[in-house]
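Shown here: target-v6.tsv, TSV, C-alpha atoms and all ligand atoms.
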```
chain	number	residue	atom	x	y	z
S	24	MET	CA	105.44	77.66	116.60
S	25	GLN	CA	102.73	79.72	114.88
S	26	HIS	CA	103.85	83.23	113.84
S	27	VAL	CA	100.88	85.59	113.88
S	28	THR	CA	100.71	89.25	112.86
S	29	VAL	CA	97.71	91.09	114.32
S	30	PHE	CA	96.90	94.45	112.71
S	31	GLY	CA	94.93	96.50	115.25
S	32	GLY	CA	96.48	94.48	118.09
S	33	SER	CA	96.41	97.48	120.46
S	34	GLY	CA	92.62	97.94	120.27
S	35	PHE	CA	89.89	96.49	122.48
S	36	ILE	CA	89.54	93.14	120.67
S	37	GLY	CA	93.24	93.12	119.73
S	38	ARG	CA	94.55	93.37	123.31
S	39	HIS	CA	92.48	90.37	124.42
S	40	LEU	CA	93.30	88.37	121.30
S	41	VAL	CA	97.06	89.04	121.31
S	42	GLU	CA	97.31	87.94	124.91
S	43	HIS	CA	95.27	84.77	124.25
S	44	LEU	CA	97.39	83.85	121.23
S	45	ALA	CA	100.64	84.37	123.15
S	46	ARG	CA	99.37	82.31	126.08
S	47	ALA	CA	98.42	79.56	123.62
S	48	GLY	CA	102.05	79.45	122.49
S	49	ALA	CA	102.10	81.60	119.33
S	50	SER	CA	104.70	84.21	118.58
S	51	VAL	CA	102.67	87.40	118.06
S	52	ARG	CA	103.53	90.61	116.27
S	53	SER	CA	100.97	93.25	117.20
S	54	ALA	CA	100.79	96.15	114.75
S	55	ALA	CA	98.99	99.48	114.97
S	56	ARG	CA	99.74	103.09	114.05
S	57	HIS	CA	101.13	103.77	117.50
S	58	SER	CA	103.44	101.23	119.09
S	59	LEU	CA	102.58	100.55	122.72
S	60	ALA	CA	104.79	102.40	125.18
S	61	THR	CA	104.54	99.68	127.82
S	62	ALA	CA	104.35	95.95	127.45
S	63	LYS	CA	104.12	93.69	130.46
S	64	PRO	CA	107.57	92.09	130.96
S	65	LEU	CA	106.19	88.54	131.35
S	66	ARG	CA	104.69	88.66	127.89
S	67	LEU	CA	107.53	90.37	126.10
S	68	ALA	CA	109.05	87.10	124.99
S	69	ARG	CA	106.18	86.17	122.71
S	70	ILE	CA	104.54	89.52	121.97
S	71	GLN	CA	106.22	92.15	119.90
S	72	HIS	CA	104.45	95.50	119.56
S	73	GLY	CA	105.31	97.60	116.54
S	74	ALA	CA	104.06	100.52	114.48
S	75	ALA	CA	102.57	99.71	111.06
S	76	ASP	CA	100.02	101.96	109.40
S	77	ILE	CA	97.78	99.91	107.11
S	78	LEU	CA	97.72	102.90	104.76
S	79	ASP	CA	101.45	102.32	104.12
S	80	ASP	CA	102.48	99.50	101.73
S	81	ALA	CA	106.04	99.10	103.01
S	82	ALA	CA	104.97	99.09	106.68
S	83	VAL	CA	102.28	96.48	106.02
S	84	GLN	CA	104.74	94.22	104.18
S	85	ALA	CA	107.36	94.55	106.91
S	86	ALA	CA	104.78	93.67	109.57
S	87	ILE	CA	103.70	90.55	107.65
S	88	GLN	CA	107.17	89.32	106.71
S	89	GLY	CA	107.79	85.91	108.31
S	90	ALA	CA	104.19	85.44	109.54
S	91	ASP	CA	102.23	82.28	108.68
S	92	THR	CA	98.97	83.78	109.97
S	93	VAL	CA	97.64	87.33	109.64
S	94	ILE	CA	94.64	88.83	111.44
S	95	ASN	CA	93.26	92.23	110.45
S	96	LEU	CA	91.28	93.99	113.18
S	97	VAL	CA	91.76	97.55	112.01
S	98	GLY	CA	88.52	99.50	111.98
S	99	ILE	CA	87.24	103.00	112.79
S	100	LEU	CA	83.91	104.48	113.87
S	101	SER	CA	84.54	108.01	112.68
S	102	GLN	CA	86.62	109.56	109.93
S	103	ALA	CA	89.52	111.98	110.44
S	104	GLN	CA	92.04	113.23	107.88
S	105	ARG	CA	93.60	110.21	106.12
S	106	GLN	CA	91.61	107.80	108.29
S	107	THR	CA	88.54	107.58	106.04
S	108	PHE	CA	86.19	104.59	105.99
S	109	THR	CA	87.21	103.78	102.42
S	110	ALA	CA	90.93	104.09	103.17
S	111	ILE	CA	90.79	101.90	106.30
S	112	HIS	CA	87.98	99.39	105.72
S	113	GLU	CA	88.41	98.88	101.98
S	114	ASP	CA	91.86	99.99	100.75
S	115	GLY	CA	93.64	98.99	103.98
S	116	ALA	CA	91.91	95.61	104.06
S	117	ARG	CA	92.91	95.03	100.42
S	118	ARG	CA	96.51	96.08	101.14
S	119	VAL	CA	96.80	93.57	103.99
S	120	ALA	CA	95.22	90.78	101.91
S	121	VAL	CA	97.37	91.45	98.82
S	122	SER	CA	100.56	91.56	100.90
S	123	ALA	CA	99.57	88.43	102.81
S	124	ARG	CA	99.02	86.55	99.55
S	125	ARG	CA	102.28	87.84	98.03
S	126	LEU	CA	104.30	86.93	101.12
S	127	GLY	CA	102.95	83.35	101.26
S	128	VAL	CA	100.81	83.68	104.40
S	129	ARG	CA	98.91	80.44	105.08
S	130	GLN	CA	95.84	81.86	106.84
S	131	LEU	CA	94.25	85.32	106.78
S	132	VAL	CA	91.44	86.28	109.16
S	133	HIS	CA	89.68	89.53	108.37
S	134	VAL	CA	87.32	91.18	110.85
S	135	SER	CA	84.31	92.94	109.36
S	136	ALA	CA	81.04	93.70	111.19
S	137	LEU	CA	77.41	92.59	111.28
S	138	GLY	CA	75.51	95.12	109.21
S	139	ALA	CA	78.14	95.20	106.46
S	140	SER	CA	76.26	95.54	103.20
S	141	PRO	CA	76.73	97.42	99.93
S	142	THR	CA	73.26	98.91	100.43
S	143	ALA	CA	73.56	99.82	104.14
S	144	PRO	CA	72.56	103.39	105.15
S	145	ALA	CA	75.91	103.98	106.90
S	146	LEU	CA	79.11	104.51	104.93
S	147	ALA	CA	80.96	102.58	107.67
S	148	ASP	CA	78.86	99.48	106.90
S	149	ARG	CA	79.14	99.94	103.12
S	150	SER	CA	82.92	100.29	103.37
S	151	LYS	CA	83.08	97.12	105.51
S	152	ALA	CA	81.19	95.27	102.73
S	153	ALA	CA	83.60	96.65	100.12
S	154	GLY	CA	86.47	95.52	102.35
S	155	GLU	CA	85.10	91.98	102.52
S	156	GLU	CA	84.90	91.87	98.75
S	157	ALA	CA	88.42	93.25	98.33
S	158	VAL	CA	89.77	90.64	100.77
S	159	ARG	CA	87.93	87.77	99.01
S	160	THR	CA	89.33	88.88	95.65
S	161	ALA	CA	92.93	89.18	96.85
S	162	PHE	CA	92.91	86.17	99.20
S	163	PRO	CA	89.96	83.87	98.37
S	164	ASP	CA	90.69	81.50	101.27
S	165	ALA	CA	90.52	84.24	103.89
S	166	THR	CA	88.21	83.71	106.85
S	167	ILE	CA	85.89	86.66	107.49
S	168	ILE	CA	84.32	87.33	110.90
S	169	ARG	CA	81.34	89.64	111.33
S	170	PRO	CA	80.78	90.30	115.04
S	171	SER	CA	77.80	92.00	116.64
S	172	LEU	CA	78.58	94.37	119.51
S	173	VAL	CA	81.57	92.92	121.41
S	174	TYR	CA	81.68	93.44	125.18
S	175	GLY	CA	84.11	92.73	127.99
S	176	PRO	CA	86.60	94.56	130.22
S	177	GLY	CA	87.79	97.68	128.41
S	178	ASP	CA	84.92	97.65	125.87
S	179	HIS	CA	83.70	100.83	124.20
S	180	PHE	CA	79.92	100.38	124.49
S	181	PHE	CA	79.13	99.41	128.08
S	182	ASN	CA	81.99	101.37	129.63
S	183	GLY	CA	81.17	104.42	127.51
S	184	PHE	CA	77.46	104.43	128.36
S	185	ALA	CA	78.11	103.64	132.04
S	186	ALA	CA	80.34	106.72	132.31
S	187	GLN	CA	77.77	108.88	130.48
S	188	ALA	CA	74.86	107.54	132.53
S	189	ARG	CA	76.65	108.50	135.75
S	190	ARG	CA	77.57	111.96	134.45
S	191	LEU	CA	74.64	113.19	132.35
S	192	PRO	CA	71.04	113.97	133.32
S	193	ALA	CA	69.67	112.56	130.05
S	194	LEU	CA	70.73	110.17	127.27
S	195	PRO	CA	69.24	110.02	123.79
S	196	LEU	CA	67.47	106.90	122.56
S	197	ILE	CA	68.27	107.28	118.89
S	198	GLY	CA	65.46	106.00	116.68
S	199	GLY	CA	63.50	105.28	119.87
S	200	GLY	CA	66.18	102.78	120.92
S	201	GLN	CA	64.69	100.02	118.77
S	202	THR	CA	67.89	98.91	116.96
S	203	ARG	CA	68.57	95.26	117.83
S	204	PHE	CA	71.96	93.94	118.97
S	205	GLN	CA	73.23	90.50	119.86
S	206	PRO	CA	76.17	91.36	122.15
S	207	VAL	CA	78.98	88.82	122.22
S	208	TYR	CA	81.54	88.35	124.98
S	209	ILE	CA	85.16	89.10	124.10
S	210	GLU	CA	86.35	85.78	125.56
S	211	ASP	CA	83.87	83.93	123.30
S	212	VAL	CA	85.11	85.95	120.32
S	213	VAL	CA	88.70	85.07	121.22
S	214	ALA	CA	87.74	81.39	121.58
S	215	GLY	CA	86.19	81.60	118.11
S	216	PHE	CA	89.46	82.96	116.72
S	217	GLY	CA	91.26	80.10	118.45
S	218	ALA	CA	89.03	77.51	116.75
S	219	ILE	CA	89.45	79.22	113.38
S	220	LEU	CA	93.24	79.25	113.66
S	221	ALA	CA	93.31	75.63	114.77
S	222	SER	CA	91.67	74.24	111.66
S	223	SER	CA	91.92	74.83	107.92
S	224	ALA	CA	88.18	73.99	107.66
S	225	SER	CA	87.40	77.66	108.31
S	226	CYS	CA	89.37	78.88	105.28
S	227	GLY	CA	87.14	80.68	102.80
S	228	MET	CA	84.26	80.87	105.30
S	229	THR	CA	82.36	83.87	106.67
S	230	TYR	CA	81.29	83.62	110.32
S	231	GLU	CA	78.77	85.76	112.18
S	232	PHE	CA	79.50	86.12	115.89
S	233	GLY	CA	76.64	86.97	118.25
S	234	GLY	CA	75.73	86.22	121.84
S	235	PRO	CA	72.86	84.05	123.12
S	236	ARG	CA	70.22	86.84	123.19
S	237	VAL	CA	69.00	89.76	121.14
S	238	TYR	CA	68.36	93.10	122.92
S	239	THR	CA	67.12	96.46	121.74
S	240	PHE	CA	69.39	99.47	122.22
S	241	LYS	CA	66.89	100.71	124.82
S	242	GLU	CA	67.09	97.45	126.79
S	243	LEU	CA	70.89	97.63	126.80
S	244	LEU	CA	70.88	101.25	128.03
S	245	GLU	CA	68.37	100.40	130.77
S	246	PHE	CA	70.58	97.49	131.81
S	247	VAL	CA	73.66	99.73	131.99
S	248	CYS	CA	71.81	102.38	134.03
S	249	ALA	CA	70.49	99.80	136.50
S	250	THR	CA	73.92	98.21	136.84
S	251	VAL	CA	75.66	101.48	137.75
S	252	SER	CA	72.72	102.88	139.77
S	253	ALA	CA	72.21	105.83	137.45
S	254	ARG	CA	68.84	107.28	136.49
S	255	PRO	CA	69.32	109.58	133.53
S	256	LEU	CA	66.24	110.40	131.52
S	257	LEU	CA	66.18	108.25	128.36
S	258	VAL	CA	64.84	110.57	125.68
S	259	ALA	CA	63.59	109.17	122.38
S	260	LEU	CA	65.21	111.02	119.48
S	261	PRO	CA	63.95	110.30	115.94
S	262	PHE	CA	66.61	109.26	113.45
S	263	TRP	CA	66.25	112.44	111.41
S	264	ALA	CA	66.83	114.65	114.47
S	265	ALA	CA	69.81	112.53	115.59
S	266	GLU	CA	71.31	112.84	112.09
S	267	VAL	CA	71.01	116.63	112.27
S	268	LEU	CA	72.65	116.59	115.71
S	269	GLY	CA	75.42	114.23	114.52
S	270	GLY	CA	76.02	116.48	111.50
S	271	LEU	CA	76.53	119.46	113.82
S	272	LEU	CA	78.71	117.63	116.36
S	273	GLN	CA	80.96	115.86	113.86
S	274	VAL	CA	82.87	119.03	113.03
S	275	PHE	CA	84.53	118.80	116.48
S	276	PRO	CA	87.54	116.55	117.08
S	277	SER	CA	86.56	113.48	119.16
S	278	ALA	CA	82.89	114.22	118.47
S	279	PRO	CA	80.56	112.18	120.73
S	280	LEU	CA	78.26	111.50	117.74
S	281	THR	CA	78.51	111.68	113.96
S	282	ARG	CA	75.85	111.47	111.25
S	283	ASP	CA	77.23	108.12	110.07
S	284	GLN	CA	77.08	106.67	113.59
S	285	VAL	CA	73.37	107.51	113.65
S	286	ARG	CA	72.99	105.78	110.29
S	287	LEU	CA	74.73	102.67	111.71
S	288	LEU	CA	71.80	102.40	114.12
S	289	ARG	CA	69.29	102.23	111.28
S	290	THR	CA	70.06	98.51	110.77
S	291	ASP	CA	70.03	95.68	113.33
S	292	LYS	CA	73.31	94.01	114.27
S	293	VAL	CA	72.06	90.44	114.71
S	294	VAL	CA	73.21	87.18	113.12
S	295	SER	CA	71.39	86.42	109.90
S	296	GLY	CA	71.12	82.66	110.26
S	297	SER	CA	72.56	82.14	106.80
S	298	GLU	CA	76.24	81.99	107.86
S	299	PRO	CA	78.02	79.76	110.39
S	300	THR	CA	78.35	81.11	113.94
S	301	LEU	CA	80.31	80.58	117.16
S	302	ALA	CA	78.26	77.44	117.82
S	303	ASP	CA	79.66	75.93	114.60
S	304	LEU	CA	83.13	76.51	116.06
S	305	GLY	CA	82.19	74.70	119.27
S	306	VAL	CA	81.90	77.90	121.35
S	307	GLU	CA	78.89	78.30	123.65
S	308	ALA	CA	78.27	82.04	123.92
S	309	LYS	CA	77.76	83.41	127.45
S	310	ALA	CA	74.98	85.70	128.69
S	311	LEU	CA	76.01	89.29	129.37
S	312	GLU	CA	74.01	89.57	132.63
S	313	THR	CA	76.58	87.39	134.40
S	314	ILE	CA	79.62	89.25	133.06
S	315	VAL	CA	79.02	92.97	132.50
S	316	PRO	CA	78.24	93.96	136.15
S	317	GLY	CA	81.65	92.63	137.21
S	318	TYR	CA	83.65	95.07	135.10
S	319	LEU	CA	81.20	97.99	135.32
S	320	ALA	CA	81.73	98.02	139.09
S	321	VAL	CA	84.34	100.76	138.65
S	322	HIS	CA	81.56	103.10	137.50
S	323	GLY	CA	79.42	102.52	140.60
S	324	ARG	CA	77.05	99.77	141.65
S	325	ARG	CA	73.39	99.15	142.27
S	326	ALA	CA	72.66	100.18	145.86
P	401	LIG	N1	84.19	96.33	119.29
P	401	LIG	C1	83.05	95.98	118.71
P	401	LIG	O1	81.97	95.95	119.33
P	401	LIG	C2	83.04	95.57	117.26
P	401	LIG	C3	81.83	95.12	116.68
P	401	LIG	C4	81.83	94.74	115.33
P	401	LIG	C5	82.98	94.81	114.59
P	401	LIG	N2	84.14	95.25	115.16
P	401	LIG	C6	85.35	95.33	114.35
P	401	LIG	O2	86.41	94.68	115.01
P	401	LIG	C7	87.63	95.36	114.74
P	401	LIG	C8	88.33	95.72	116.05
P	401	LIG	O3	87.45	96.48	116.85
P	401	LIG	P1	87.93	97.14	118.23
P	401	LIG	O4	86.70	97.41	119.01
P	401	LIG	O5	89.02	96.36	118.81
P	401	LIG	O6	88.49	98.55	117.67
P	401	LIG	P2	89.47	99.59	118.41
P	401	LIG	O7	89.52	99.32	119.87
P	401	LIG	O8	89.04	100.94	117.96
P	401	LIG	O9	90.89	99.26	117.79
P	401	LIG	C9	91.21	99.60	116.47
P	401	LIG	C10	92.66	99.24	116.23
P	401	LIG	O10	93.02	99.64	114.91
P	401	LIG	C11	94.25	100.38	114.97
P	401	LIG	N3	94.32	101.29	113.83
P	401	LIG	C12	93.51	102.33	113.50
P	401	LIG	N4	93.91	102.90	112.37
P	401	LIG	C13	95.00	102.21	111.95
P	401	LIG	C14	95.84	102.32	110.85
P	401	LIG	N5	95.70	103.28	109.91
P	401	LIG	N6	96.87	101.43	110.72
P	401	LIG	C15	97.06	100.47	111.66
P	401	LIG	N7	96.28	100.30	112.74
P	401	LIG	C16	95.26	101.18	112.88
P	401	LIG	C17	94.19	101.08	116.33
P	401	LIG	O11	95.45	101.47	116.83
P	401	LIG	P3	96.09	102.94	116.51
P	401	LIG	O12	95.04	103.94	116.74
P	401	LIG	O13	97.30	103.03	117.38
P	401	LIG	O14	96.48	102.84	115.10
P	401	LIG	C18	93.65	99.92	117.17
P	401	LIG	O15	94.69	99.02	117.48
P	401	LIG	C19	87.27	96.57	113.89
P	401	LIG	O16	87.47	96.27	112.53
P	401	LIG	C20	85.80	96.77	114.17
P	401	LIG	O17	85.12	97.38	113.09
P	401	LIG	C21	84.20	95.64	116.49
```

Hey, can you dump this file as structure tokens for me?
Ligand SMILES: NC(=O)c1ccc[n+]([C@@H]2O[C@H](COP(=O)([O-])OP(=O)(O)OC[C@H]3O[C@@H](n4cnc5c(N)ncnc54)[C@H](OP(=O)(O)O)[C@@H]3O)[C@@H](O)[C@H]2O)c1
Amino acid sequence: MQHVTVFGGSGFIGRHLVEHLARAGASVRSAARHSLATAKPLRLARIQHGAADILDDAAVQAAIQGADTVINLVGILSQAQRQTFTAIHEDGARRVAVSARRLGVRQLVHVSALGASPTAPALADRSKAAGEEAVRTAFPDATIIRPSLVYGPGDHFFNGFAAQARRLPALPLIGGGQTRFQPVYIEDVVAGFGAILASSASCGMTYEFGGPRVYTFKELLEFVCATVSARPLLVALPFWAAEVLGGLLQVFPSAPLTRDQVRLLRTDKVVSGSEPTLADLGVEAKALETIVPGYLAVHGRRA
């Protein structure tokens, strides 16, 4: 039986992945800062939820002990106290990779993001690039995955904008809404993980995961609004103005927008064509038009 430790197993991608791995027969240790209060009884046998902060050496080692496979999904979109981009995306990624190597882990899968680059405008993207480099140095055979926007039940993007579209009279189109995304379905992402874990051929590789089509941010917002029958005004906001707004809002806890989040939108999140993709893993990515309306129904439907 495969013993897998998933750091970030309580998050959006993590919850889907942990369940898939357990159903496929693996014994899964899901680790995050907060251990889950409830776990469904049927799955308890193969899924163990525990607390392990990736900023803590001893906790990371304890979570990896006995695992043959480690997956690191830990990532943040805004900084707070000790949870800085550098601490989480670079130092935390290095800590997991170093411990995995030291403890004899066979396979390490590290999740980065499309847009990761040492020259990216956003610190989040630069820290993701530094994390990739730290992982490659500590564990050269690691597999790195860079997803575009991931969607599915419980996602952040479509659910978040659906709720806002229903509630607010207007939504900003940052940078005119021209940033390009290639949204990828969570079940396709999970299938990609499955293929990676099933074969050593993926060791040392970097994969870029995107869906079958590229959309602008504006097209995605229009799609969400039409799906939930909401008609907020979509107001173009230049990047500079959005950065000023993000700079003001980010002083509040749980800020709806930060300056770095605006900077993330300055670069497209689409596959580059120079790295292998889901298709190379035998996964045919599905179109979002057939999937998203099903789980956005809770927000209201097209009349
Ligand atoms: N979702 C997307 O569209 C998307 C796109 C591209 C890349 N990615 C990347 O994919 C990964 C997973 O994304 P997601 O959407 O599933 O994120 P998420 O829902 O925000 O989950 C993040 C996970 O990390 C855990 N975490 C945060 N700080 C931690 C710490 N110090 N120690 C241990 N665990 C910690 C969180 O649990 P606690 O808060 O309890 O610790 C949670 O389990 C991230 O690296 C993200 O950058 C996601």

Residue contacts of stretch 192-204 of chain S (7 Å, all atoms listed in the file) excluding same-chain residues fewer than 5 positions away, as a ChimeraX atom specification: /S:171-172,237-241,255-262,265,288-293

For ligand LIG 401 (chain P), list the contacting residues at 8 Å or closer, counting only C-alpha atoms and all ligand atoms, as a count of residues only. 45

With distances taken over all atoms listed in the file, which residue among S:Val121, S:Leu304, S:Ile168, S:Ala186 lies nearest S:His133? S:Ile168

Please indicate the distance in Å from atom CA of S:Ser223 to atom CA of S:His26, rounded to one decimal place. 15.7 Å

Can you list, as a PyMOL selection string, every protein, DNA or RNA residue that comes within 6 Å of stretch 141-149 of chain S when you count only C-alpha atoms, leaving out same-chain residues fewer than 5 positions away? chain S and resi 108+283+286-287

Selected residue of minimal separation from S:Val251 among S:Leu44, S:Arg125, S:Ala82, S:Gly183, counting only C-alpha atoms: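 The closest residue to S:Val251 is S:Gly183.
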
Return the padded bounding box of stretch 164-175 of chain S as AutoDock Vina command-line options: axis-aligned, built from all atoms listed in the file, 6 Å added on each side, with centre and edge lengths in Å to one decimal.
```
--center_x 84.2 --center_y 87.9 --center_z 114.6 --size_x 24.9 --size_y 24.9 --size_z 38.7
```

Between atom CA of S:Leu244 and atom CA of S:Gln273, measure the distance and give it in Å to one decimal.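 Atom-to-atom, atom CA of S:Leu244 and atom CA of S:Gln273 are spaced 22.7 Å apart.
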
Reconstruct stretch 147-165 of chain S at the level of N, CA, C and O atoms, and format the result as a PDB file, keeping the file's coordinate frame.
```
ATOM      1  N   ALA S 147      80.088 103.528 106.965  1.00  0.00           N
ATOM      2  CA  ALA S 147      80.960 102.580 107.670  1.00  0.00           C
ATOM      3  C   ALA S 147      80.595 101.144 107.291  1.00  0.00           C
ATOM      4  O   ALA S 147      81.480 100.318 107.022  1.00  0.00           O
ATOM      5  N   ASP S 148      79.300 100.830 107.248  1.00  0.00           N
ATOM      6  CA  ASP S 148      78.860  99.480 106.900  1.00  0.00           C
ATOM      7  C   ASP S 148      79.093  99.177 105.406  1.00  0.00           C
ATOM      8  O   ASP S 148      79.431  98.048 105.040  1.00  0.00           O
ATOM      9  N   ARG S 149      78.900 100.178 104.557  1.00  0.00           N
ATOM     10  CA  ARG S 149      79.140  99.940 103.120  1.00  0.00           C
ATOM     11  C   ARG S 149      80.630  99.707 102.867  1.00  0.00           C
ATOM     12  O   ARG S 149      81.018  98.849 102.070  1.00  0.00           O
ATOM     13  N   SER S 150      81.485 100.459 103.579  1.00  0.00           N
ATOM     14  CA  SER S 150      82.920 100.290 103.370  1.00  0.00           C
ATOM     15  C   SER S 150      83.397  98.944 103.934  1.00  0.00           C
ATOM     16  O   SER S 150      84.331  98.339 103.411  1.00  0.00           O
ATOM     17  N   LYS S 151      82.754  98.455 104.986  1.00  0.00           N
ATOM     18  CA  LYS S 151      83.080  97.120 105.510  1.00  0.00           C
ATOM     19  C   LYS S 151      82.735  96.048 104.456  1.00  0.00           C
ATOM     20  O   LYS S 151      83.470  95.082 104.282  1.00  0.00           O
ATOM     21  N   ALA S 152      81.584  96.229 103.781  1.00  0.00           N
ATOM     22  CA  ALA S 152      81.190  95.270 102.730  1.00  0.00           C
ATOM     23  C   ALA S 152      82.202  95.311 101.585  1.00  0.00           C
ATOM     24  O   ALA S 152      82.621  94.263 101.060  1.00  0.00           O
ATOM     25  N   ALA S 153      82.609  96.515 101.196  1.00  0.00           N
ATOM     26  CA  ALA S 153      83.600  96.650 100.120  1.00  0.00           C
ATOM     27  C   ALA S 153      84.924  96.007 100.543  1.00  0.00           C
ATOM     28  O   ALA S 153      85.624  95.387  99.725  1.00  0.00           O
ATOM     29  N   GLY S 154      85.258  96.141 101.819  1.00  0.00           N
ATOM     30  CA  GLY S 154      86.470  95.520 102.350  1.00  0.00           C
ATOM     31  C   GLY S 154      86.403  94.008 102.262  1.00  0.00           C
ATOM     32  O   GLY S 154      87.377  93.346 101.871  1.00  0.00           O
ATOM     33  N   GLU S 155      85.257  93.437 102.614  1.00  0.00           N
ATOM     34  CA  GLU S 155      85.100  91.980 102.520  1.00  0.00           C
ATOM     35  C   GLU S 155      85.338  91.520 101.084  1.00  0.00           C
ATOM     36  O   GLU S 155      86.032  90.532 100.830  1.00  0.00           O
ATOM     37  N   GLU S 156      84.762  92.257 100.151  1.00  0.00           N
ATOM     38  CA  GLU S 156      84.900  91.870  98.750  1.00  0.00           C
ATOM     39  C   GLU S 156      86.353  91.978  98.287  1.00  0.00           C
ATOM     40  O   GLU S 156      86.869  91.105  97.589  1.00  0.00           O
ATOM     41  N   ALA S 157      87.015  93.050  98.702  1.00  0.00           N
ATOM     42  CA  ALA S 157      88.420  93.250  98.330  1.00  0.00           C
ATOM     43  C   ALA S 157      89.292  92.120  98.899  1.00  0.00           C
ATOM     44  O   ALA S 157      90.195  91.604  98.223  1.00  0.00           O
ATOM     45  N   VAL S 158      89.004  91.721 100.131  1.00  0.00           N
ATOM     46  CA  VAL S 158      89.770  90.640 100.770  1.00  0.00           C
ATOM     47  C   VAL S 158      89.529  89.322 100.026  1.00  0.00           C
ATOM     48  O   VAL S 158      90.466  88.583  99.715  1.00  0.00           O
ATOM     49  N   ARG S 159      88.264  89.027  99.715  1.00  0.00           N
ATOM     50  CA  ARG S 159      87.930  87.770  99.010  1.00  0.00           C
ATOM     51  C   ARG S 159      88.620  87.709  97.639  1.00  0.00           C
ATOM     52  O   ARG S 159      89.045  86.646  97.199  1.00  0.00           O
ATOM     53  N   THR S 160      88.710  88.853  96.971  1.00  0.00           N
ATOM     54  CA  THR S 160      89.330  88.880  95.650  1.00  0.00           C
ATOM     55  C   THR S 160      90.831  88.631  95.762  1.00  0.00           C
ATOM     56  O   THR S 160      91.400  87.845  95.004  1.00  0.00           O
ATOM     57  N   ALA S 161      91.474  89.282  96.726  1.00  0.00           N
ATOM     58  CA  ALA S 161      92.930  89.180  96.850  1.00  0.00           C
ATOM     59  C   ALA S 161      93.368  87.873  97.498  1.00  0.00           C
ATOM     60  O   ALA S 161      94.453  87.362  97.218  1.00  0.00           O
ATOM     61  N   PHE S 162      92.528  87.338  98.401  1.00  0.00           N
ATOM     62  CA  PHE S 162      92.910  86.170  99.200  1.00  0.00           C
ATOM     63  C   PHE S 162      91.651  85.320  99.385  1.00  0.00           C
ATOM     64  O   PHE S 162      91.007  85.357 100.448  1.00  0.00           O
ATOM     65  N   PRO S 163      91.262  84.545  98.347  1.00  0.00           N
ATOM     66  CA  PRO S 163      89.960  83.870  98.370  1.00  0.00           C
ATOM     67  C   PRO S 163      89.744  82.956  99.573  1.00  0.00           C
ATOM     68  O   PRO S 163      88.615  82.756 100.009  1.00  0.00           O
ATOM     69  N   ASP S 164      90.828  82.411 100.138  1.00  0.00           N
ATOM     70  CA  ASP S 164      90.690  81.500 101.270  1.00  0.00           C
ATOM     71  C   ASP S 164      90.623  82.202 102.620  1.00  0.00           C
ATOM     72  O   ASP S 164      90.658  81.550 103.671  1.00  0.00           O
ATOM     73  N   ALA S 165      90.574  83.520 102.611  1.00  0.00           N
ATOM     74  CA  ALA S 165      90.520  84.240 103.890  1.00  0.00           C
ATOM     75  C   ALA S 165      89.278  83.844 104.673  1.00  0.00           C
ATOM     76  O   ALA S 165      88.245  83.484 104.087  1.00  0.00           O
TER      77      ALA S 165
END
```
